[in-house]
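What follows is the content of data04.cif (mmCIF, C-alpha atoms).
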```cif
data_start
#
loop_
_atom_site.label_atom_id
_atom_site.label_comp_id
_atom_site.auth_asym_id
_atom_site.auth_seq_id
_atom_site.Cartn_x
_atom_site.Cartn_y
_atom_site.Cartn_z
CA MET H 9 0.00 0.00 0.00
CA TRP H 10 1.38 3.42 -0.93
CA LEU H 11 0.89 6.34 1.45
CA ARG H 12 1.76 10.00 1.02
CA SER H 13 2.46 12.47 3.79
CA ALA H 14 0.88 15.90 3.74
CA THR H 15 4.29 17.49 4.18
CA HIS H 16 6.33 15.08 2.08
CA PRO H 17 4.94 14.07 -1.33
CA GLU H 18 7.21 11.08 -1.73
CA PRO H 19 5.61 7.75 -0.76
CA LEU H 20 6.03 6.13 2.59
CA PHE H 21 6.56 2.37 2.60
CA GLY H 22 3.97 0.23 4.46
CA THR H 23 5.58 -0.94 7.65
CA VAL H 24 9.11 0.17 6.79
CA LEU H 25 9.92 3.77 7.54
CA GLY H 26 10.18 5.70 4.29
CA ARG H 27 11.18 9.17 5.43
CA LEU H 28 10.93 10.28 9.05
CA ASN H 29 9.35 13.68 9.54
CA THR H 30 7.96 15.69 12.37
CA GLY H 31 4.43 14.87 11.36
CA SER H 32 3.12 11.34 11.30
CA TYR H 33 5.35 8.38 10.46
CA TRP H 34 5.42 4.62 10.84
CA SER H 35 7.21 3.12 13.85
CA PRO H 36 6.43 0.38 16.36
CA PRO H 37 6.47 1.67 19.90
CA GLN H 38 3.26 3.54 20.67
CA CYS H 39 -0.20 4.88 19.73
CA TYR H 40 -2.45 2.62 17.69
CA ARG H 41 -1.89 -0.51 15.66
CA GLY H 42 -3.17 -0.22 12.14
CA PRO H 43 -4.49 -2.95 9.85
CA SER H 44 -2.52 -6.19 9.96
CA SER H 45 -2.43 -9.24 7.75
CA ARG H 46 -1.35 -12.72 8.84
CA VAL H 47 1.89 -14.00 7.33
CA ALA H 48 4.24 -16.87 8.13
CA GLY H 49 5.95 -16.23 11.45
CA GLY H 50 3.82 -13.29 12.59
CA TYR H 51 1.92 -10.31 11.19
CA HIS H 52 2.46 -7.33 8.96
CA GLN H 53 1.67 -4.61 11.47
CA ARG H 54 1.27 -0.87 10.97
CA ARG H 55 1.64 1.35 13.99
CA LYS H 56 1.22 5.12 13.68
CA VAL H 57 3.28 7.28 16.00
CA LYS H 58 3.59 11.01 16.55
CA GLY H 59 7.20 12.10 16.70
CA PRO H 60 8.23 14.76 19.23
CA ALA H 61 7.69 18.18 17.69
CA GLY H 62 10.83 19.90 16.54
CA LYS H 63 13.04 16.83 16.80
CA SER H 64 15.09 15.68 13.85
CA ASP H 65 14.58 12.34 12.15
CA GLU H 66 17.78 10.92 13.60
CA ALA H 67 16.88 12.08 17.13
CA CYS H 68 13.57 10.29 16.93
CA VAL H 69 15.32 7.06 16.04
CA GLU H 70 17.97 7.40 18.69
CA ARG H 71 15.36 8.06 21.34
CA GLY H 72 13.96 4.62 20.63
CA TYR H 73 11.15 5.20 18.17
CA GLY H 74 12.68 2.55 15.95
CA ARG H 75 14.21 0.29 18.58
CA TRP H 76 12.40 -2.89 17.53
CA PHE H 77 13.21 -2.53 13.81
CA PRO H 78 16.85 -2.50 12.75
CA CYS H 79 15.82 -1.42 9.24
CA LEU H 80 14.38 1.82 10.61
CA ARG H 81 17.83 3.04 11.47
CA ALA H 82 19.07 2.05 8.00
CA THR H 83 16.34 3.99 6.19
CA ALA H 84 16.03 6.98 8.52
CA SER H 85 18.46 9.10 6.52
CA ALA H 86 17.53 7.83 3.05
CA SER H 87 17.15 10.55 0.46
CA PRO H 88 13.85 11.19 -1.37
CA GLU H 89 15.55 10.07 -4.60
CA VAL H 90 16.53 6.71 -3.09
CA LEU H 91 13.09 6.23 -1.60
CA SER H 92 11.32 7.15 -4.81
CA SER H 93 13.39 4.58 -6.68
CA ARG H 94 11.71 1.87 -4.62
CA LYS H 95 8.20 2.58 -5.88
CA ASP H 96 8.07 -0.77 -7.62
CA THR H 97 8.31 -2.65 -4.33
CA GLU H 98 6.70 -2.29 -0.96
CA ILE H 99 9.13 -3.49 1.67
CA ALA H 100 7.12 -5.14 4.44
CA MET H 101 8.50 -6.05 7.85
CA THR H 102 7.26 -9.26 9.44
CA VAL H 103 6.72 -8.58 13.11
CA ASN H 104 6.53 -11.31 15.73
CA THR H 105 3.38 -10.86 17.78
CA THR H 106 5.42 -11.18 21.00
CA VAL H 107 7.81 -8.33 20.21
CA PRO H 108 7.90 -6.95 23.80
CA ASP H 109 9.13 -10.36 25.02
CA ARG H 110 11.72 -10.79 22.27
CA PRO H 111 13.93 -7.73 21.98
CA ILE H 112 16.35 -7.80 19.07
CA ARG H 113 19.41 -6.21 20.62
CA GLU H 114 21.90 -8.20 22.67
CA ASP H 115 21.92 -5.80 25.63
CA GLU H 116 18.11 -5.63 25.68
CA ARG H 117 17.89 -9.41 25.79
CA ALA H 118 20.39 -9.43 28.64
CA HIS H 119 18.36 -6.85 30.61
CA LEU H 120 15.15 -8.82 30.04
CA VAL H 121 16.66 -12.12 31.24
CA LEU H 122 18.27 -10.45 34.26
CA SER H 123 15.00 -8.74 35.16
CA VAL H 124 13.25 -12.13 35.17
CA LEU H 125 15.88 -13.19 37.72
CA GLY H 126 15.03 -10.17 39.87
CA LEU H 127 18.20 -8.24 38.95
CA LYS H 128 16.59 -4.90 38.13
CA ALA H 129 19.73 -2.72 38.10
CA PRO H 130 22.64 -4.92 36.95
CA ASN H 131 26.07 -3.40 36.42
CA GLY H 132 27.46 -2.98 32.94
CA GLU H 133 29.88 -5.89 33.20
CA LEU H 134 27.11 -8.31 34.16
CA VAL H 135 24.98 -7.09 31.26
CA ARG H 136 27.91 -7.60 28.88
CA ARG H 137 28.62 -11.13 30.14
CA ALA H 138 24.94 -12.03 30.11
CA GLY H 139 24.56 -10.70 26.56
CA THR H 140 27.47 -12.81 25.35
CA PHE H 141 26.16 -15.92 27.14
CA ILE H 142 22.72 -15.43 25.58
CA ALA H 143 24.25 -14.91 22.12
CA VAL H 144 26.22 -18.15 22.49
CA ASN H 145 23.45 -20.34 23.93
CA GLY H 146 20.29 -18.87 22.42
CA PHE H 147 17.72 -16.49 23.88
CA ASP H 148 14.91 -19.02 24.28
CA GLN H 149 17.08 -21.56 26.07
CA VAL H 150 18.55 -19.01 28.49
CA MET H 151 15.16 -17.41 29.12
CA GLY H 152 13.68 -20.84 29.90
CA ALA H 153 16.46 -21.55 32.39
CA ALA H 154 16.03 -18.08 33.93
CA ARG H 155 12.29 -18.60 34.42
CA HIS H 156 13.01 -21.96 36.01
CA THR H 157 15.57 -20.35 38.33
CA ALA H 158 13.12 -17.58 39.24
CA SER H 159 10.54 -20.21 40.24
CA LEU H 160 12.90 -21.63 42.87
CA SER H 161 13.45 -20.27 46.35
CA GLY H 162 16.68 -19.67 48.21
CA ILE H 163 18.86 -19.01 45.13
CA ASP H 164 21.53 -16.50 46.26
CA ARG H 165 23.18 -16.00 42.87
CA PRO H 166 20.42 -16.43 40.28
CA TRP H 167 22.50 -15.58 37.21
CA SER H 168 25.24 -18.06 38.15
CA TYR H 169 22.56 -20.67 38.84
CA THR H 170 21.04 -20.04 35.40
CA CYS H 171 24.43 -20.48 33.71
CA ASP H 172 25.01 -23.68 35.69
CA ALA H 173 21.61 -25.00 34.58
CA ILE H 174 22.49 -24.43 30.91
CA ASN H 175 25.94 -26.02 31.26
CA THR H 176 24.55 -28.98 33.21
CA ASN H 177 21.96 -29.61 30.52
CA THR H 178 24.69 -29.51 27.88
CA ALA H 179 26.55 -32.16 29.87
CA ARG H 180 23.36 -34.25 30.03
CA LEU H 181 22.96 -33.98 26.28
CA ALA H 182 26.61 -34.96 25.79
CA TYR H 183 26.00 -38.13 27.81
CA LEU H 184 22.88 -38.85 25.78
CA PHE H 185 24.77 -38.27 22.53
CA THR H 186 27.41 -40.78 23.66
CA MET H 187 24.76 -43.39 24.42
CA VAL H 188 23.06 -42.88 21.05
CA HIS H 189 26.44 -43.36 19.38
CA TRP H 190 27.06 -46.56 21.32
CA ALA H 191 23.60 -47.86 20.44
CA GLU H 192 23.89 -47.23 16.70
CA VAL H 193 27.35 -48.77 16.39
CA SER H 194 26.35 -51.76 18.50
CA LEU H 195 23.17 -52.37 16.49
CA ARG H 196 25.27 -52.65 13.32
CA SER H 197 27.53 -55.17 14.99
CA GLU H 198 24.69 -57.26 16.44
CA LEU H 199 22.87 -57.34 13.08
CA ASP H 200 26.07 -58.45 11.39
CA LEU H 201 26.48 -61.30 13.88
CA ALA H 202 22.84 -62.36 13.58
CA TRP H 203 22.71 -62.54 9.78
CA ALA H 204 26.26 -63.88 9.31
CA LEU H 205 25.34 -66.93 11.36
CA GLN H 206 22.69 -67.83 8.78
CA TYR H 207 23.92 -66.37 5.47
CA GLY H 208 27.67 -65.96 5.79
CA GLN H 209 29.97 -62.97 5.97
CA ALA H 210 28.61 -61.35 2.80
CA TRP H 211 24.96 -61.52 3.82
CA HIS H 212 24.42 -57.84 2.86
CA GLU H 213 24.75 -58.88 -0.81
CA GLN H 214 21.63 -61.03 -0.48
CA PRO H 215 18.07 -59.61 -0.28
CA ILE H 216 17.37 -60.97 3.19
CA TYR H 217 17.84 -57.98 5.50
CA LEU H 218 14.49 -56.26 4.66
CA ASP H 219 11.28 -56.95 2.81
CA PRO H 220 12.29 -57.58 -0.86
CA GLY H 221 10.05 -54.77 -2.07
CA GLN H 222 11.68 -52.34 0.35
CA ILE H 223 15.15 -53.41 -0.79
CA ALA H 224 14.17 -52.84 -4.43
CA ALA H 225 12.92 -49.35 -3.57
CA LEU H 226 16.16 -48.37 -1.82
CA ARG H 227 18.01 -47.64 -5.06
CA ASN H 228 15.60 -44.78 -5.80
CA ASP H 229 15.13 -43.62 -2.21
CA PRO H 230 16.26 -39.96 -1.99
CA THR H 231 16.94 -40.36 1.75
CA GLN H 232 19.52 -43.12 1.11
CA LYS H 233 21.70 -41.46 -1.52
CA LYS H 234 24.96 -42.49 0.15
CA ILE H 235 24.42 -46.18 -0.55
CA ARG H 236 26.64 -47.53 -3.35
CA TRP H 237 25.24 -50.27 -5.58
CA THR H 238 26.75 -52.81 -7.95
CA ARG H 239 25.34 -53.41 -11.42
CA THR H 240 23.56 -56.49 -10.12
CA GLY H 241 21.69 -54.40 -7.53
CA ALA H 242 23.64 -55.49 -4.43
CA PRO H 243 25.22 -53.02 -1.98
CA ASP H 244 28.79 -52.31 -3.10
CA TYR H 245 30.69 -52.66 0.19
CA GLU H 246 33.49 -54.87 1.43
CA SER H 247 31.69 -55.63 4.71
CA PRO H 248 28.13 -55.45 6.09
CA GLU H 249 29.13 -52.99 8.81
CA ARG H 250 30.46 -50.54 6.24
CA PHE H 251 27.20 -50.90 4.33
CA MET H 252 25.18 -50.15 7.48
CA ALA H 253 27.38 -47.14 8.28
CA ASP H 254 26.08 -45.50 5.07
CA ILE H 255 22.37 -46.02 5.73
CA SER H 256 20.12 -43.83 7.85
CA LEU H 257 19.31 -44.70 11.44
CA GLY H 258 15.67 -45.09 10.45
CA LEU H 259 16.58 -47.77 7.90
CA LEU H 260 18.89 -49.46 10.41
CA THR H 261 16.05 -49.72 12.93
CA ASP H 262 13.80 -51.10 10.18
CA MET H 263 16.40 -53.82 9.64
CA VAL H 264 16.43 -54.60 13.37
CA ARG H 265 12.63 -54.91 13.42
CA TRP H 266 12.70 -57.13 10.33
CA ALA H 267 15.34 -59.45 11.79
CA SER H 268 13.53 -59.64 15.15
CA GLY H 269 10.08 -60.18 13.66
CA THR H 270 8.39 -63.44 12.74
CA PRO H 271 7.38 -64.00 9.10
CA GLU H 272 3.71 -64.46 8.33
CA GLY H 273 2.75 -68.03 9.08
CA GLY H 274 6.10 -68.67 10.75
CA THR H 275 6.84 -69.74 14.31
CA ALA H 276 10.30 -68.26 14.82
CA PRO H 277 11.93 -64.86 14.15
CA ARG H 278 13.75 -64.38 10.86
CA ALA H 279 17.14 -64.08 12.53
CA ILE H 280 17.97 -67.16 14.61
CA ARG H 281 20.44 -65.26 16.74
CA PRO H 282 18.85 -62.39 18.71
CA VAL H 283 19.83 -58.80 17.96
CA LEU H 284 18.59 -57.52 21.33
CA TRP H 285 18.67 -59.47 24.59
CA ASP H 286 16.72 -59.42 27.85
CA ALA H 287 18.27 -59.45 31.32
CA ASP H 288 18.28 -63.27 31.40
CA GLY H 289 20.22 -63.58 28.15
CA ASN H 290 17.19 -64.52 26.07
CA ARG H 291 15.67 -62.88 23.02
CA LEU H 292 14.03 -59.53 23.83
CA GLN H 293 10.28 -59.53 23.21
CA PHE H 294 9.40 -58.12 19.80
CA GLN H 295 7.21 -55.31 21.14
CA SER H 296 10.07 -54.17 23.38
CA VAL H 297 12.34 -54.15 20.31
CA VAL H 298 9.85 -51.94 18.46
CA SER H 299 9.51 -49.53 21.39
CA SER H 300 13.28 -49.26 21.79
CA MET H 301 13.80 -48.56 18.09
CA ASN H 302 11.07 -45.90 18.03
CA LEU H 303 12.58 -44.11 21.03
CA LEU H 304 16.08 -44.28 19.57
CA VAL H 305 15.00 -42.65 16.30
CA ARG H 306 13.14 -39.89 18.16
CA ILE H 307 16.11 -39.15 20.40
CA ARG H 308 18.56 -39.24 17.50
CA ASN H 309 16.44 -36.72 15.60
CA GLU H 310 16.46 -34.37 18.58
CA MET H 311 20.22 -34.78 18.96
CA ALA H 312 20.87 -34.29 15.24
CA HIS H 313 19.11 -30.91 15.37
CA ASN H 314 20.84 -29.96 18.65
CA ARG H 315 17.55 -29.23 20.35
CA PRO H 316 18.06 -28.23 24.00
CA LEU H 317 16.39 -29.68 27.04
CA GLU H 318 13.41 -27.62 28.21
CA HIS H 319 11.92 -27.06 31.65
CA ARG H 320 8.23 -27.91 31.64
CA GLU H 321 5.63 -29.14 34.07
CA ARG H 322 6.93 -27.95 37.43
CA GLY H 323 10.54 -27.81 36.34
CA ARG H 324 10.83 -31.29 34.83
CA LEU H 325 13.20 -31.56 31.89
CA TRP H 326 11.94 -32.64 28.48
CA LEU H 327 13.62 -33.46 25.19
CA GLY H 328 11.05 -33.06 22.47
CA ARG H 329 7.94 -34.91 23.58
CA ASP H 330 9.74 -37.20 26.04
CA ALA H 331 10.54 -36.56 29.71
CA TYR H 332 14.30 -36.67 30.17
CA ALA H 333 14.56 -38.33 33.59
CA SER H 334 11.63 -40.73 33.37
CA LYS H 335 11.82 -41.83 29.73
CA VAL H 336 14.75 -40.58 27.65
CA ILE H 337 17.59 -41.69 29.94
CA PRO H 338 16.00 -44.93 31.28
CA GLY H 339 14.86 -45.92 27.78
CA THR H 340 18.29 -45.36 26.24
CA GLU H 341 20.11 -47.12 29.07
CA ASP H 342 17.69 -50.07 28.80
CA LEU H 343 18.44 -50.28 25.08
CA LEU H 344 22.18 -50.40 25.77
CA ARG H 345 21.68 -53.13 28.38
CA SER H 346 19.75 -55.14 25.78
CA LEU H 347 22.84 -54.72 23.59
CA ARG H 348 24.83 -56.23 26.48
CA PHE H 349 26.54 -53.08 27.69
CA ASP H 350 27.89 -52.93 31.23
CA LEU H 351 27.04 -49.27 31.69
CA ARG H 352 29.01 -48.82 34.91
CA LYS H 353 32.24 -50.00 33.35
CA ALA H 354 31.55 -48.31 30.01
CA ASN H 355 30.95 -44.94 31.65
CA GLU H 356 33.93 -45.25 33.99
CA ARG H 357 36.28 -45.94 31.10
CA PHE H 358 34.74 -43.33 28.87
CA TRP H 359 34.83 -40.68 31.61
CA GLN H 360 38.58 -41.11 32.01
CA LYS H 361 39.17 -40.62 28.30
CA GLN H 362 36.68 -37.79 28.02
CA ALA H 363 38.34 -35.93 30.90
CA ALA H 364 41.71 -36.25 29.19
CA VAL H 365 40.31 -34.91 25.90
CA LEU H 366 38.68 -31.94 27.65
CA ILE H 367 41.88 -31.11 29.52
CA GLU H 368 43.73 -31.13 26.20
CA ALA H 369 41.16 -28.66 24.86
CA ILE H 370 41.50 -26.40 27.92
CA VAL H 371 45.28 -26.25 27.58
CA ARG H 372 45.11 -25.84 23.79
CA ASN H 373 42.94 -22.74 24.27
CA GLY H 374 45.18 -21.03 26.78
CA GLY H 375 44.07 -22.57 30.07
CA SER H 376 45.91 -24.61 32.68
CA ASP H 377 45.67 -28.32 33.32
CA PRO H 378 43.18 -28.57 36.22
CA ARG H 379 45.06 -31.59 37.61
CA VAL H 380 48.28 -29.59 37.88
CA VAL H 381 46.49 -26.63 39.45
CA LYS H 382 44.78 -28.90 41.99
CA THR H 383 48.04 -30.64 42.87
CA ALA H 384 49.84 -27.32 43.34
CA ALA H 385 47.01 -26.00 45.52
CA SER H 386 47.08 -29.14 47.70
CA ALA H 387 50.86 -28.83 48.11
CA ALA H 388 50.56 -25.18 49.05
CA GLY H 389 47.81 -25.93 51.55
#
```
What is this file in structure tokens?
Amino acid sequence: MWLRSATHPEPLFGTVLGRLNTGSYWSPPQCYRGPSSRVAGGYHQRRKVKGPAGKSDEACVERGYGRWFPCLRATASASPEVLSSRKDTEIAMTVNTTVPDRPIREDERAHLVLSVLGLKAPNGELVRRAGTFIAVNGFDQVMGAARHTASLSGIDRPWSYTCDAINTNTARLAYLFTMVHWAEVSLRSELDLAWALQYGQAWHEQPIYLDPGQIAALRNDPTQKKIRWTRTGAPDYESPERFMADISLGLLTDMVRWASGTPEGGTAPRAIRPVLWDADGNRLQFQSVVSSMNLLVRIRNEMAHNRPLEHRERGRLWLGRDAYASKVIPGTEDLLRSLRFDLRKANERFWQKQAAVLIEAIVRNGGSDPRVVKTAASAAG
């Protein structure tokens, strides 16, 4: 929509400021909201504001009349010639309907998070550090942790507690990532053992690992482009494990279900040797196999997109649609036990190696080896 000011004949652009003047101009902060139309991600909103009489265009912007729109500052000093050259296009700004809760500047986001924590007048250094932390970890994640912290009582240092909550959740996700890695690698190995017992070491070259129709469709499946095929239609790999390393996790879990399932009219599962085991060393029930595979795919998808844990329902942590403490962790650990992992020993050994790798990273980036610092402090004490 083209609009013309009484004092400036050149057109003003919809929701983007065309030329600021001391009469009426478009800007977000106050007065009334004009017509809006729904678009993806929010609304096109028009808000009409009276600028302070006698103030220059630039002063109006610097006093905050354009604080929620970075483009306002960019166009505030545009010449009439430049603006008139844009007549062929109306530049529309998509505005999130929760603008007051989502400031766009780093320092404003820091002030908002700190105010949620009850820190109404933070010093400049705290605002700077908070702004950097929010920029690194994401506004929504930090705000969620801050609201959780604010709901607790007896927290003496709420900002430090919020940072600790974010870092602790990152550590939880790192543990979960490690378990998902263990599970995927182990599933390849267990499938290899199960099928090799019946069909030999090159079983992946035979159409036995999935429904024949599904195998035939794999060659044209856009989600499985990494798979290499021979002219005869068999996977072109020197070993089954290398073949399974190139397929998606979803397809791998399909193969586990197929091997663990019983053919129609049959009395025994397709794979004689179990892929997953129960606590007594027997074949895991098929429905438990299906549930484990479904959970693994869901968790892997969340991990692949680096989605953070969220505080919901009285502070409980969730990853996607699953509760972290009551489903995600127990379900993943149960899956690893069914793959015959001794989780106590596995985690003890992994922790030692992980600590060494992290210490290397600390030293590589200019820090000191915590073990040396601790030893020196003990000697001095």
Near range 112-114 of chain H, within 8 Å and counting all atoms listed in the file, which residues show up once chain neighbours fewer than 6 positions away are dropped, as JSON, numbers by chain? {"H": [76, 139, 140, 142, 143]}
Take the PyMOL selection byres ((chain H and resi 188) around 8), run it mentally on this structure, and tell me the resulting residues as a PyMOL selection string. chain H and resi 184-187+189-192+304+307-308+340
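Our summary of the geometry notes that CA of Ser197 in chain H is positioned 21.4 Å from CA of Leu226 in chain H.
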What is the CA of Ala364 in chain H to CA of Ser376 in chain H distance in Å? 12.9 Å
Exactly which residues make up the result of the PyMOL selection byres ((chain H and resi 269) around 10) on this file, given as a PyMOL selection string? chain H and resi 263-268+270-272+274+276-279+293-295+297-298
Using the chain letters and numbers from this file, what does the PyMOL selection byres ((chain H and resi 151) around 12) select? Give the answer as a PyMOL selection string. chain H and resi 109-110+117-125+138-139+141-143+145-150+152-158+167+170-171+173-174+318-319
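Every protein, DNA or RNA residue with an atom at most 9 Å from range 253-260 of chain H, where all atoms listed in the file count and chain neighbours fewer than 3 positions away do not, is listed here: Glu192, Val193, Leu195, Arg196, Thr231, Gln232, Lys233, Lys234, Ile235, Arg236, Pro248, Glu249, Arg250, Met263, Val264, Arg265, Met301, Asn302, Leu304, Val305 and Arg308 of chain H.
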Do you know which residues are at most 12 Å from Arg306 in chain H counting all atoms listed in the file, after dropping those on the same chain fewer than 5 positions away, and could you put them as number ranges by chain? H: 188, 257-258, 261, 299-301, 311-313, 315, 327-330, 335-336, 339-340
Enter the distance from CA of Thr238 in chain H to CA of Gly208 in chain H, in Å, rounded to one decimal.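 That distance, rounded to one decimal, is 19.0 Å.
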With a distance cut-off of 6 Å and all atoms listed in the file, select the neighbouring residues of Leu284 in chain H, excluding the residue or stretch itself and same-chain residues fewer than 4 positions from it, and output the selection as an mmCIF file with C-alpha atoms, keeping the file's coordinate frame.
```cif
data_model
loop_
_atom_site.group_PDB
_atom_site.id
_atom_site.type_symbol
_atom_site.label_atom_id
_atom_site.label_comp_id
_atom_site.auth_asym_id
_atom_site.auth_seq_id
_atom_site.Cartn_x
_atom_site.Cartn_y
_atom_site.Cartn_z
ATOM 1 C CA LEU H 292 14.030 -59.530 23.830
ATOM 2 C CA SER H 346 19.750 -55.140 25.780
ATOM 3 C CA LEU H 347 22.840 -54.720 23.590
#
```
Just checking: using only C-alpha atoms, which residue out of H:Arg180, H:Leu134, H:Thr240, H:Ile367 ends up closest to Trp326 in chain H? H:Arg180
With only C-alpha atoms as the atoms that count, which of H:Gly132, H:Pro166, H:Gly289, H:Pro338 lies nearest to Leu303 in chain H?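 Checking each of H:Gly132, H:Pro166, H:Gly289, H:Pro338 against Leu303 in chain H, counting only C-alpha atoms, the winner is H:Pro338.
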With a distance cut-off of 10 Å and all atoms listed in the file, select the neighbouring residues of Phe349 in chain H, excluding the residue or stretch itself and same-chain residues fewer than 5 positions from it, and output the selection as a PyMOL selection string. chain H and resi 190-191+194+341-344+354
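For the choices H:Val144, H:Val135, H:Ala182, H:Leu218, the atom-to-atom distance to Trp359 in chain H is smallest for H:Ala182 when using only C-alpha atoms.
The smallest atom-to-atom distance between Leu199 in chain H and any of H:Arg227, H:Arg348, H:Arg372, H:Arg281, using all atoms listed in the file, is found for H:Arg281.
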From the set H:Glu213, H:Glu368, H:Asp219, H:Glu356, which residue has the shortest atom-to-atom contact distance to Arg239 in chain H, counting all atoms listed in the file? H:Glu213
